[in-house]
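A.B. asks: Structure file work13.pdb (PDB, C-alpha atoms) right here:
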ATOM      1  CA  MET A  48     -29.153  -5.127  -0.511
ATOM      2  CA  PRO A  49     -27.170  -1.896  -1.027
ATOM      3  CA  ASP A  50     -26.643  -0.664  -4.572
ATOM      4  CA  ASN A  51     -23.259  -0.602  -6.253
ATOM      5  CA  LEU A  52     -21.688   2.872  -6.177
ATOM      6  CA  LEU A  53     -18.894   4.180  -8.402
ATOM      7  CA  ARG A  54     -16.054   6.533  -7.562
ATOM      8  CA  THR A  55     -13.084   7.488  -9.733
ATOM      9  CA  PHE A  56      -9.587   8.532  -8.717
ATOM     10  CA  ALA A  57      -6.499   9.596 -10.624
ATOM     11  CA  PRO A  58      -3.498   7.903  -9.022
ATOM     12  CA  GLU A  59      -0.041   7.424 -10.462
ATOM     13  CA  LEU A  60      -0.538   4.143 -12.264
ATOM     14  CA  GLU A  61       2.289   2.056 -13.584
ATOM     15  CA  VAL A  62       2.626  -1.045 -15.735
ATOM     16  CA  ARG A  63       5.281  -3.204 -14.103
ATOM     17  CA  LYS A  64       8.034  -4.109 -16.547
ATOM     18  CA  ALA A  65      10.099  -7.286 -16.397
ATOM     19  CA  SER A  66      13.101  -5.180 -15.332
ATOM     20  CA  ASP A  67      11.097  -4.145 -12.248
ATOM     21  CA  GLY A  68      10.155  -7.691 -11.319
ATOM     22  CA  GLY A  69       6.931  -7.691 -13.291
ATOM     23  CA  ASP A  70       5.635  -9.360 -16.427
ATOM     24  CA  GLY A  71       4.457  -6.313 -18.357
ATOM     25  CA  ARG A  72       0.820  -7.228 -17.684
ATOM     26  CA  THR A  73       0.421  -6.025 -14.098
ATOM     27  CA  VAL A  74      -0.997  -2.574 -13.366
ATOM     28  CA  VAL A  75      -0.246  -1.098  -9.940
ATOM     29  CA  GLY A  76      -1.419   2.039  -8.162
ATOM     30  CA  ILE A  77      -3.658   3.566  -5.490
ATOM     31  CA  ALA A  78      -7.265   2.526  -6.118
ATOM     32  CA  VAL A  79      -8.865   4.555  -3.306
ATOM     33  CA  PRO A  80      -7.168   7.492  -1.528
ATOM     34  CA  TYR A  81      -7.865   7.724   2.216
ATOM     35  CA  ASN A  82      -9.052  10.814   4.083
ATOM     36  CA  ARG A  83      -9.510  12.807   0.864
ATOM     37  CA  ARG A  84     -12.758  14.757   0.883
ATOM     38  CA  GLN A  85     -14.470  14.828  -2.497
ATOM     39  CA  ARG A  86     -17.749  16.419  -3.570
ATOM     40  CA  ILE A  87     -19.810  13.763  -5.333
ATOM     41  CA  THR A  88     -23.158  15.569  -5.727
ATOM     42  CA  HIS A  89     -24.502  18.939  -4.566
ATOM     43  CA  ASP A  90     -25.474  17.352  -1.246
ATOM     44  CA  LEU A  91     -22.812  14.658  -0.824
ATOM     45  CA  VAL A  92     -19.166  15.100   0.180
ATOM     46  CA  GLU A  93     -17.440  11.857   1.075
ATOM     47  CA  GLN A  94     -14.112  10.348   2.035
ATOM     48  CA  PHE A  95     -12.852   6.828   2.688
ATOM     49  CA  ALA A  96     -11.421   5.989   6.092
ATOM     50  CA  PRO A  97      -8.044   4.214   6.303
ATOM     51  CA  GLY A  98      -8.654   0.484   6.417
ATOM     52  CA  SER A  99     -12.169   0.662   4.996
ATOM     53  CA  PHE A 100     -11.415  -2.427   2.858
ATOM     54  CA  ASN A 101      -9.358  -4.371   5.436
ATOM     55  CA  HIS A 102     -11.742  -7.327   5.366
ATOM     56  CA  GLN A 103     -10.868  -7.951   1.696
ATOM     57  CA  LEU A 104      -7.083  -7.749   1.780
ATOM     58  CA  ARG A 105      -6.630 -11.516   2.108
ATOM     59  CA  ALA A 106      -8.721 -12.341  -0.972
ATOM     60  CA  PRO A 107      -7.706  -9.819  -3.659
ATOM     61  CA  ASN A 108      -8.527 -12.293  -6.455
ATOM     62  CA  ARG A 109     -12.239 -11.729  -5.783
ATOM     63  CA  VAL A 110     -11.933  -8.105  -6.967
ATOM     64  CA  LYS A 111     -12.227  -7.960 -10.754
ATOM     65  CA  PHE A 112     -10.370  -5.502 -13.018
ATOM     66  CA  GLY A 113     -12.106  -3.815 -15.937
ATOM     67  CA  ARG A 114     -11.667  -1.427 -18.809
ATOM     68  CA  GLU A 115     -14.434   1.040 -18.015
ATOM     69  CA  HIS A 116     -17.068  -0.467 -15.722
ATOM     70  CA  PRO A 117     -18.276  -3.865 -17.009
ATOM     71  CA  PHE A 118     -21.871  -3.294 -15.864
ATOM     72  CA  LEU A 119     -21.888   0.008 -17.803
ATOM     73  CA  GLY A 120     -20.769  -1.635 -21.039
ATOM     74  CA  GLY A 121     -17.056  -2.055 -20.342
ATOM     75  CA  ALA A 122     -15.104  -5.325 -20.272
ATOM     76  CA  ILE A 123     -13.520  -7.440 -17.561
ATOM     77  CA  ILE A 124      -9.809  -7.602 -18.356
ATOM     78  CA  GLY A 125      -8.360  -9.274 -15.264
ATOM     79  CA  ARG A 126      -8.347  -9.400 -11.468
ATOM     80  CA  ALA A 127      -6.505  -8.069  -8.461
ATOM     81  CA  VAL A 128      -3.476 -10.063  -7.311
ATOM     82  CA  GLU A 129      -2.584  -7.868  -4.332
ATOM     83  CA  LEU A 130      -4.370  -5.323  -2.145
ATOM     84  CA  ARG A 131      -2.809  -3.535   0.828
ATOM     85  CA  ASN A 132      -3.066  -0.369   2.847
ATOM     86  CA  ASP A 133      -0.607   2.363   1.970
ATOM     87  CA  ALA A 134      -0.143   5.759   3.615
ATOM     88  CA  ALA A 135      -1.949   7.284   0.617
ATOM     89  CA  GLY A 136      -4.789   4.778   0.379
ATOM     90  CA  LEU A 137      -5.731   1.319  -0.835
ATOM     91  CA  TRP A 138      -2.875   0.120  -3.051
ATOM     92  CA  GLY A 139      -3.477  -2.631  -5.561
ATOM     93  CA  ALA A 140      -1.863  -4.728  -8.264
ATOM     94  CA  TRP A 141      -4.051  -6.061 -11.074
ATOM     95  CA  ARG A 142      -3.075  -8.766 -13.558
ATOM     96  CA  VAL A 143      -4.424  -8.092 -17.049
ATOM     97  CA  SER A 144      -5.496 -11.177 -18.992
ATOM     98  CA  ALA A 145      -4.142 -11.836 -22.493
ATOM     99  CA  THR A 146      -7.355 -10.968 -24.321
ATOM    100  CA  GLN A 147      -7.979  -8.413 -27.061
ATOM    101  CA  ALA A 148      -9.624  -6.049 -24.574
ATOM    102  CA  GLY A 149      -6.812  -6.633 -22.077
ATOM    103  CA  ASP A 150      -4.069  -6.012 -24.652
ATOM    104  CA  GLU A 151      -5.739  -2.792 -25.820
ATOM    105  CA  ALA A 152      -6.195  -1.569 -22.257
ATOM    106  CA  LEU A 153      -2.529  -2.243 -21.450
ATOM    107  CA  GLU A 154      -1.347  -0.251 -24.462
ATOM    108  CA  LEU A 155      -3.666   2.634 -23.578
ATOM    109  CA  ALA A 156      -2.421   2.561 -19.976
ATOM    110  CA  LYS A 157       1.229   2.513 -21.095
ATOM    111  CA  ASP A 158       0.544   5.472 -23.395
ATOM    112  CA  GLY A 159      -1.126   7.386 -20.563
ATOM    113  CA  VAL A 160      -4.521   7.430 -22.262
ATOM    114  CA  LEU A 161      -6.316   5.358 -19.617
ATOM    115  CA  ASP A 162      -4.699   6.639 -16.442
ATOM    116  CA  GLU A 163      -7.499   6.899 -13.884
ATOM    117  CA  LEU A 164      -9.066   4.227 -11.717
ATOM    118  CA  SER A 165     -12.732   3.948 -10.878
ATOM    119  CA  VAL A 166     -14.020   1.625  -8.174
ATOM    120  CA  GLY A 167     -17.378  -0.049  -7.793
ATOM    121  CA  PHE A 168     -18.282  -0.583  -4.140
ATOM    122  CA  ARG A 169     -21.125  -1.230  -1.721
ATOM    123  CA  GLU A 170     -21.319   0.790   1.458
ATOM    124  CA  ARG A 171     -21.417  -1.082   4.752
ATOM    125  CA  GLN A 172     -20.778   1.426   7.537
ATOM    126  CA  ASN A 173     -20.783   5.222   7.233
ATOM    127  CA  ARG A 174     -20.136   8.068   9.660
ATOM    128  CA  ARG A 175     -21.329  11.659   9.267
ATOM    129  CA  GLU A 176     -18.649  14.182  10.289
ATOM    130  CA  SER A 177     -19.416  17.524  11.952
ATOM    131  CA  ASP A 178     -19.047  19.339   8.615
ATOM    132  CA  GLY A 179     -21.513  16.961   6.940
ATOM    133  CA  THR A 180     -18.884  14.846   5.170
ATOM    134  CA  ILE A 181     -19.812  11.167   4.895
ATOM    135  CA  THR A 182     -16.908   8.930   5.870
ATOM    136  CA  ARG A 183     -17.001   5.443   4.380
ATOM    137  CA  VAL A 184     -15.799   3.488   7.427
ATOM    138  CA  THR A 185     -16.326   0.057   5.871
ATOM    139  CA  ALA A 186     -17.191  -0.781   2.271
ATOM    140  CA  ASP A 187     -17.121  -3.802  -0.040
ATOM    141  CA  LEU A 188     -14.896  -3.340  -3.089
ATOM    142  CA  ILE A 189     -16.620  -5.009  -6.057
ATOM    143  CA  GLU A 190     -14.392  -4.077  -8.979
ATOM    144  CA  VAL A 191     -11.716  -1.632 -10.115
ATOM    145  CA  SER A 192     -11.632  -0.283 -13.674
ATOM    146  CA  LEU A 193      -9.264   1.699 -15.867
ATOM    147  CA  VAL A 194     -11.247   4.699 -17.079
ATOM    148  CA  LEU A 195     -10.834   7.785 -19.215
ATOM    149  CA  GLN A 196     -12.221  10.219 -16.651
ATOM    150  CA  GLY A 197     -13.990  10.090 -13.323
ATOM    151  CA  ALA A 198     -15.111  11.834 -10.141
ATOM    152  CA  TYR A 199     -11.884  12.013  -8.159
ATOM    153  CA  GLY A 200      -9.809  13.349 -11.022
ATOM    154  CA  ARG A 201      -6.062  13.142 -10.594
ATOM    155  CA  HIS A 202      -6.081  11.526  -7.141
ATOM    156  CA  ALA A 203      -6.406   7.909  -8.384
ATOM    157  CA  THR A 204      -4.167   7.320 -11.375
ATOM    158  CA  VAL A 205      -2.198   4.370 -12.648
ATOM    159  CA  GLU A 206       1.199   4.242 -10.980
ATOM    160  CA  ALA A 207       2.633   1.541 -13.225
ATOM    161  CA  VAL A 208       1.769  -1.401 -15.511
ATOM    162  CA  ARG A 209       3.954  -4.640 -14.668
ATOM    163  CA  ALA A 210     -14.792   5.323  -8.914
ATOM    164  CA  SER A 211     -24.671   4.848   0.462
ATOM    165  CA  GLN A 212     -28.069   3.312   0.298
ATOM    166  CA  GLY A 213     -30.281   4.439  -2.528
ATOM    167  CA  ALA A 214     -29.695   4.994  -6.205
ATOM    168  CA  ALA A 215     -26.472   3.817  -7.790
ATOM    169  CA  VAL A 216     -24.095   6.657  -8.575
ATOM    170  CA  CYS A 217     -21.701   6.977 -11.473
ATOM    171  CA  THR A 218     -18.197   8.412 -11.336
ATOM    172  CA  CYS A 219     -19.568  11.903 -11.904
ATOM    173  CA  GLY A 220     -21.824  11.561  -8.868
ATOM    174  CA  ALA A 221     -25.110  11.560 -10.786
ATOM    175  CA  PRO A 222     -27.629   8.705 -10.434
ATOM    176  CA  LEU A 223     -26.962   6.154 -13.156
ATOM    177  CA  GLU A 224     -30.364   6.596 -14.737
ATOM    178  CA  GLU A 225     -29.617  10.312 -15.163
ATOM    179  CA  ALA A 226     -26.013   9.969 -16.206
ATOM    180  CA  ASP A 227     -26.228   9.236 -19.939
ATOM    181  CA  ASP A 228     -24.297  12.397 -20.792
ATOM    182  CA  GLN A 229     -21.498  11.448 -18.387
ATOM    183  CA  ARG A 230     -20.527   8.139 -19.974
ATOM    184  CA  PRO A 231     -17.331   7.804 -22.038
ATOM    185  CA  ASN A 232     -17.551   9.396 -25.471
ATOM    186  CA  ALA A 233     -17.412   6.061 -27.309
ATOM    187  CA  ALA A 234     -20.366   4.658 -25.371
ATOM    188  CA  ARG A 235     -22.371   7.869 -25.853
ATOM    189  CA  ALA A 236     -21.605   7.900 -29.567
ATOM    190  CA  ALA A 237     -22.630   4.249 -29.927
ATOM    191  CA  GLN A 238     -25.977   4.917 -28.276
ATOM    192  CA  VAL A 239     -26.619   8.018 -30.370
ATOM    193  CA  LEU A 240     -25.855   6.091 -33.575
ATOM    194  CA  ALA A 241     -28.055   3.186 -32.485
ATOM    195  CA  ASN A 242     -30.980   5.541 -31.994
ATOM    196  CA  LEU A 243     -30.658   7.313 -35.348
ATOM    197  CA  ARG A 244     -33.362   6.659 -37.927
ATOM    198  CA  VAL A 245     -32.128   5.063 -41.154
ATOM    199  CA  LEU A 246     -32.929   7.365 -44.063
ATOM    200  CA  PRO A 247     -33.738   6.025 -47.520
ATOM    201  CA  SER A 248     -30.923   6.360 -49.987
ATOM    202  CA  VAL A 249     -31.148   9.190 -52.488
ATOM    203  CA  VAL A 250     -30.748   8.229 -56.146
TER     204      VAL A 250
END
The structure given in the file should be rewritten as structure tokens.
C.D. replies:
Amino acid sequence: MPDNLLRTFAPELEVRKASDGGDGRTVVGIAVPYNRRQRITHDLVEQFAPGSFNHQLRAPNRVKFGREHPFLGGAIIGRAVELRNDAAGLWGAWRVSATQAGDEALELAKDGVLDELSVGFRERQNRRESDGTITRVTADLIEVSLVLQGAYGRHATVEAVRASQGAAVCTCGAPLEEADDQRPNAARAAQVLANLRVLPSVV
């Protein structure tokens, strides 16, 4: 079974307000830009083909929404309610659940703090282009997460409120087991603190 891979984009994300026909808890934006070449590692440049997620458009509710990637220590905060192809890429709308993590993520998205999207996917069909670029022709979208920073930079950001066979890869393109220094600062700090030796108190 193929490993989960992560890629991050910086689209224009938006939280849909009631005045725009939303409920204030729906985040919309481009999750995956199409035909945008991106260097992932020193030997991998990839792009997603238009329609690479067509087989999932009728069941968006199966794609979970997270704050950072749940399997990297983040939290599930909701699910997709709509997925469709747009000229720019895979457009989605994600409903954020009324949980503490969901409420915090919404506020951070509204304030522009969490404004990039990272996707977890499994490759299904790839094509190597003449310049060596790997085109993801078909892939399974597993989850989409709001993140602080990721591989595709400003090409997959939040628009409104209403991230291959082999080793798994993080948003920075490094294998997950080698990517400790690429995780969000809070997660890195928590691990560093957990590994510190407790010193005896000085009287």
A.B. asks: Find the distance between CA of Leu52 in chain A and CA of Glu170 in chain A and write it in Å to one decimal.
C.D. replies: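 It comes out at 7.9 Å.
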A.B. asks: Considering all atoms listed in the file, can you say which of A:His116, A:Arg63, A:Arg171, A:Arg183 comes closest to Gln85 in chain A?
C.D. replies: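 Smallest distance to Gln85 in chain A is found for A:Arg183.
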A.B. asks: Which polymer residues have any atom within 9 Å of an atom of range 132-142 of chain A, counting only C-alpha atoms, with same-chain residues fewer than 2 positions away left out, as a ChimeraX atom specification?
C.D. replies: /A:72-82,95-101,104,107-108,111-112,124-130,144,191,208-209
A.B. asks: Between A:Gly149, A:Gly167, A:Gly179, A:Gly159, which is the closest to Gln94 in chain A once you count all atoms listed in the file?
C.D. replies: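 The closest residue to Gln94 in chain A is A:Gly179.
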A.B. asks: How far is it from CA of Arg114 in chain A to CA of Asp50 in chain A, in Å with one decimal?
C.D. replies: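 Computed distance, CA of Arg114 in chain A to CA of Asp50 in chain A, equals 20.7 Å.
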A.B. asks: Please compute the CA of Thr180 in chain A-CA of His102 in chain A distance, one decimal, in Å.
C.D. replies: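 Rounded to one decimal, the two atoms are 23.3 Å apart.
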A.B. asks: List, as number ranges by chain, every residue that the PyMOL selection byres ((chain A and resi 115) around 6) selects in the file provided.
C.D. replies: A: 113-114, 116, 121, 192-194
A.B. asks: Which is closest to Ile87 in chain A among A:Ala145, A:Ala152, A:Leu53, A:Val160, if we use all atoms listed in the file?
C.D. replies: A:Leu53
A.B. asks: Spell out the residues picked by the PyMOL selection byres ((chain A and resi 158) around 12) here, as a PyMOL selection string.
C.D. replies: chain A and resi 60-62+151-157+159-162+205+207-208
A.B. asks: Between A:Glu93, A:Thr88, A:Gly120, A:Asn51, which residue has the minimum interatomic distance to Asn173 in chain A, considering all atoms listed in the file?
C.D. replies: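 Of all the options, A:Glu93 lies closest to Asn173 in chain A.
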A.B. asks: Could you work out an axis-aligned bounding box for all listed atoms of range 105-108 of chain A, with 3 Å added on each of the six sides, and give its centre and edge lengths in Å to one decimal, as JSON?
C.D. replies:
{"center_x": -7.7, "center_y": -11.1, "center_z": -2.2, "size_x": 8.1, "size_y": 8.5, "size_z": 14.6}
